[in-house]
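Asker: One structure coming up, written as structure tokens, with questions to follow.
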Amino acid sequence: MFERIRYFLFRALRNMRQAPFLTTATVLTVAVALTIVAVFAILVLNVQRLGSLWSREVQVVAYLDQVPRAEVLQGWKDRLGRLQPVEEVRFVDREEAYARFLDRLGPDDDLLLGVSPNILPASLEIVLKSGHRNRAGAETVVNFLQGDLGLTDLQYGQAWLEKFETFLLLVRLTGLILGGILLSSALFIVANTIRLTLFARKDELEIMALVGGTPLFIKTPFLIEGALQGALGGVLSLGSLALFFHGFLREGMHSLFLSPGDFEITFLSGGMQLVLLAGGILLGLFASLVSLRKFVRI
Amino acid sequence: MVRLYNVCKAYQKDSSALVDITFQIPKGDFVYITGPSGAGKSTLLKLLYCAEKPSRGQILVDGQNLTRLSPRRIPFLRRRLGVVFQDFKLLLNRTVFENVAFALEVQGKKRYEVSKKVYQTLKEVGLEHKLHRKPLELSGGEQQRVAIARALVVDPLVLMADEPTGNLDPALAIEIMGLFRAANARGSTVILATHDREMIRQFPRRRLVLDQGRLIDDRAP
């Protein structure tokens with residue numbers, strides 16, 4: 001068994017050495033295809049991360065015309081805290097609201113000179129859990145506030161939430177569709193490049209069959225060759241992607257997204273890099289398999 | 001060893017390459033298939049090593065009915081046959097040793113077994129000193145001997161050759177015929193498709209004569 005594997009590996013490596021031009025063409029095709037897909041993946045992932053960052057701001061604010069007694073307020077907070085989407089409930093009294101407003105005005109705080117702190121209403125700020133920072137989560141809380149507590153002066157950025165959710169859905173859908181198209185085209189191009197290499201070895205395939213090679217025996221070295229070329233393409237793609245990312249993409253994306261200073265544009269995670277590499281191997285393997293079906297006839 | 005019953009092969013509806021061929025070749029026999037160009041000699045050999053399927057009739061090789069043989073079993077039958085093709089079918093980017101070893105490697109033989117057997121066979125055909133040459137560095141006769149070595153290395157039950165002496169000078173042709181006779185003496189059934197009358201005269205054996213796809217004569221020497 002071990003000797004068989006060694007033989008197939010040796011044959012695959014020798015085939016690659018004997019056809020350097022076609023091997024290079026296949027490796028480059030895989031690398032280019034994977035790089036395009038990966039650049040798009042980096043874009044989509046970072047947009048999603050930015051979206052999550054923005055969604056941290058999603059909270060429901062209920063303004064209180066009359067501040068209820070402390071025990072009533074505590075009762076509301078407890079009941080709200082028991083709702084599934086709620087992470088935290090904060091009571092902001094008039095003084096704190098005034099202080100925040102002053103703070104936000106910064107150097108222009110003199111605008112509030114002579115204005116009483118009582119001008120701003122007290123409020124309940126309901127922070128949502130990370131998985132519920134969406135329209136559905138906000139609406140659960142809003143329904144409770146309106147129905148059970150009778151509060152009507154609420155703010156939770158309805159229009160913004162809807163737009164944001166549509167935008168995220170659009171990004172994901174575009175990613176899926178474009179990724180699918182890119183991968184299919186990559187498969188088509190790689191399969192055709194491998195077909196060229198097989199065409200150059202048509203005689204070898206025929207002779208192998210004539211001296212008693214089984215289809216598996218004939219195909220295996222070519223499948224290994226495809227997988228190796230895919231792996232090489234994957235490594236090349238990761239290398240060029242890292243260079244491209246650090247040299248251009250990161251800065252470009254910062255400017256494009258107008259992202260906040262604390263938001264770091266990230267590269268593919270270790271797991272994603274492995275997925276890219278595995279994608280290269282599978283691409284080479286599958287493209288070889290598709291091409292071999294037409295060439296190996298017993 | 002080889003039996004054919006009413007075998008026909010037609011590539012197109014109105015022209016037949018072989019018509020109603022019936023004969024038997026016992027184990028260990030040495031047989032020429034002769035006839036003019038286009039008589040159907042190569043087609044007959046192709047049917048025997050399963051490169052083609054007959055349109056009609058039955059073919060039995062070593063008790064196996066080739067017309068009923070599943071494609072999965074064909075490689076295993078071919079491993080017991082040695083075929084020397086008219087155009088040699090050598091791998092030009094491989095050495096002499098690798099070309100011959102190839103036939104054993106497909107059978108999954110161990111490396112040391114392959115090396116030993118290939119060297120022995122190349123010695124037998126007189127090419128042991130050209131192990132590492134590539135086919136294009138060899139003469140036509142030497143290429144022919146590499147092709148014969150590849151067929152012999154598997155100790156074939158049936159050794160077939162298509163026009164093995166076609167392009168060789170008489171001295172070389174005699175040398176090549178010696179290799180087939182030696183294989184026959186070791187027990188292989190030998191079937192040579194040839195139109196080389198001089199060779200048949202020098203080494204008289206049973207002759208199956210084809211003409212326009214029909215077996216017109218089956219003559220013992």
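In the structure tokens, chains take letters A, B, ... by order of appearance, with residues numbered from 1 within each chain and ligands from 1 in the order shown.
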What are the closest atom pairs, with distances in Å to one decimal, for all residues of chain A lying within 10 Å of chain B? Consider only C-alpha atoms, order rows by chain and residue number, and present the result as a Markdown table.
Answerer:
| residue | atom | partner | partner_atom | distance |
| --- | --- | --- | --- | --- |
| A:Met1 | CA | B:Gly108 | CA | 9.5 |
| A:Glu3 | CA | B:Lys110 | CA | 7.7 |
| A:Arg4 | CA | B:Gly108 | CA | 7.2 |
| A:Tyr7 | CA | B:Glu105 | CA | 8.8 |
| A:Gln18 | CA | B:Asn93 | CA | 8.1 |
| A:Arg201 | CA | B:Leu91 | CA | 9.5 |
| A:Asp203 | CA | B:Leu91 | CA | 7.5 |
| A:Glu204 | CA | B:Leu91 | CA | 6.4 |
| A:Glu206 | CA | B:Lys89 | CA | 8.9 |
| A:Ile207 | CA | B:Lys89 | CA | 6.7 |
| A:Met208 | CA | B:Val106 | CA | 7.5 |
| A:Ala209 | CA | B:Pro75 | CA | 6.9 |
| A:Leu210 | CA | B:Arg78 | CA | 6.8 |
| A:Val211 | CA | B:Ala103 | CA | 5.6 |
| A:Gly212 | CA | B:Pro75 | CA | 4.0 |
| A:Gly213 | CA | B:Val106 | CA | 5.0 |
| A:Thr214 | CA | B:Pro75 | CA | 5.6 |
| A:Pro215 | CA | B:Arg72 | CA | 8.4 |
| A:Phe217 | CA | B:Val106 | CA | 6.9 |
| A:Ile218 | CA | B:Val106 | CA | 8.3 |
| A:Arg297 | CA | B:Pro71 | CA | 9.4 |
| A:Ile298 | CA | B:Pro71 | CA | 6.8 |
Asker: Which residue gives the smallest distance to B:Leu48 among B:Gln144, B:Arg94, B:Asp20, B:Asp162, with only C-alpha atoms counted?
Answerer: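 Closest to B:Leu48, using only C-alpha atoms: B:Asp162.
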Asker: Can you pull out every residue within 8 Å of stretch 172-185 of chain B, counting only C-alpha atoms, but drop anything in the same chain fewer than 2 positions away, and send it as a JSON list (two decimals) with N, CA and C atoms, in the first residue's frame?
Answerer:
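As written to disk, part-v1.json reads:
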[["chain", "number", "residue", "atom", "x", "y", "z"],
["B", 28, "GLY", "N", 0.32, -22.89, -26.62],
["B", 28, "GLY", "CA", 1.70, -23.14, -27.01],
["B", 28, "GLY", "C", 1.93, -23.15, -28.51],
["B", 29, "ASP", "N", 0.91, -22.82, -29.28],
["B", 29, "ASP", "CA", 1.04, -22.84, -30.74],
["B", 29, "ASP", "C", 1.75, -21.56, -31.22],
["B", 30, "PHE", "N", 2.23, -21.60, -32.45],
["B", 30, "PHE", "CA", 2.86, -20.44, -33.08],
["B", 30, "PHE", "C", 2.14, -20.24, -34.40],
["B", 125, "VAL", "N", 16.75, -9.47, -24.79],
["B", 125, "VAL", "CA", 16.60, -8.85, -26.11],
["B", 125, "VAL", "C", 17.86, -8.08, -26.51],
["B", 141, "GLY", "N", 15.28, -0.86, -35.08],
["B", 141, "GLY", "CA", 15.34, -2.25, -34.61],
["B", 141, "GLY", "C", 15.39, -2.32, -33.09],
["B", 145, "ARG", "N", 12.83, -3.89, -30.31],
["B", 145, "ARG", "CA", 13.19, -4.83, -29.25],
["B", 145, "ARG", "C", 12.69, -4.33, -27.88],
["B", 152, "LEU", "N", 7.22, -9.11, -23.40],
["B", 152, "LEU", "CA", 7.72, -10.36, -22.81],
["B", 152, "LEU", "C", 7.85, -10.30, -21.30],
["B", 164, "PRO", "N", 5.76, -7.39, -37.01],
["B", 164, "PRO", "CA", 6.96, -7.14, -36.21],
["B", 164, "PRO", "C", 8.24, -7.00, -37.04],
["B", 165, "THR", "N", 8.21, -7.49, -38.28],
["B", 165, "THR", "CA", 9.45, -7.41, -39.07],
["B", 165, "THR", "C", 9.27, -6.50, -40.28],
["B", 168, "LEU", "N", 12.17, -3.92, -41.04],
["B", 168, "LEU", "CA", 13.53, -4.28, -40.64],
["B", 168, "LEU", "C", 14.28, -4.96, -41.78],
["B", 169, "ASP", "N", 15.64, -4.83, -41.73],
["B", 169, "ASP", "CA", 16.41, -5.55, -42.74],
["B", 169, "ASP", "C", 16.41, -7.04, -42.38],
["B", 170, "PRO", "N", 16.71, -7.92, -43.36],
["B", 170, "PRO", "CA", 16.55, -9.36, -43.14],
["B", 170, "PRO", "C", 17.30, -9.89, -41.92],
["B", 187, "GLY", "N", 6.69, -21.35, -23.59],
["B", 187, "GLY", "CA", 5.29, -21.70, -23.31],
["B", 187, "GLY", "C", 4.26, -20.70, -23.77],
["B", 188, "SER", "N", 4.71, -19.52, -24.24],
["B", 188, "SER", "CA", 3.71, -18.53, -24.69],
["B", 188, "SER", "C", 3.14, -18.94, -26.04],
["B", 189, "THR", "N", 1.84, -18.74, -26.19],
["B", 189, "THR", "CA", 1.21, -18.91, -27.50],
["B", 189, "THR", "C", 1.55, -17.65, -28.30],
["B", 190, "VAL", "N", 2.04, -17.82, -29.52],
["B", 190, "VAL", "CA", 2.49, -16.65, -30.30],
["B", 190, "VAL", "C", 1.60, -16.47, -31.53],
["B", 199, "MET", "N", 9.81, -14.28, -44.32],
["B", 199, "MET", "CA", 9.89, -14.72, -42.93],
["B", 199, "MET", "C", 9.12, -16.04, -42.74]]
Asker: To one decimal in Å, tell me the separation between atom CA of B:Glu142 and atom CA of B:Val96.
Answerer: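 Between atom CA of B:Glu142 and atom CA of B:Val96 the gap is 9.8 Å.
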Asker: Can you pull out the residues contacting A:Asp153? Cut-off 12 Å, using only C-alpha atoms, and skip same-chain residues under 6 positions away; I want them as a list in words.
Answerer: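 Those residues are Val60, Val61, Ala62, Tyr63, Leu64, Asp65, Gln66, Pro121, Ala122, Ser123, Leu124, Val142, Leu145 and Gln146 of chain A.
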Asker: Atom CA of A:Val67 to atom CA of A:Thr152: how many Å, to one decimal?
Answerer: 14.0 Å
Asker: For a quick check of understanding, using only C-alpha atoms, which of B:Met160, B:Gln86, B:Arg3, B:Glu128 has the smallest distance to B:Gln64?
Answerer: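 Closest to B:Gln64 of all the choices is B:Arg3.
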Asker: Going by DSSP on the backbone, which residues of stretch 71-211 of chain B come out as strand (DSSP E or B)? List them as a ChimeraX atom specification.
Answerer: /B:81-84,158-162,189-193,206-211
Asker: Report, in Å to a single decimal, how far apart atom CA of A:Thr197 and atom CA of B:Ala101 are.
Answerer: 23.2 Å
Asker: As a ChimeraX atom specification, which residues of stretch 63-221 of chain B does DSSP assign to alpha helix (DSSP H)?
Answerer: /B:74-78,96-105,111-124,140-152,170-185,197-202
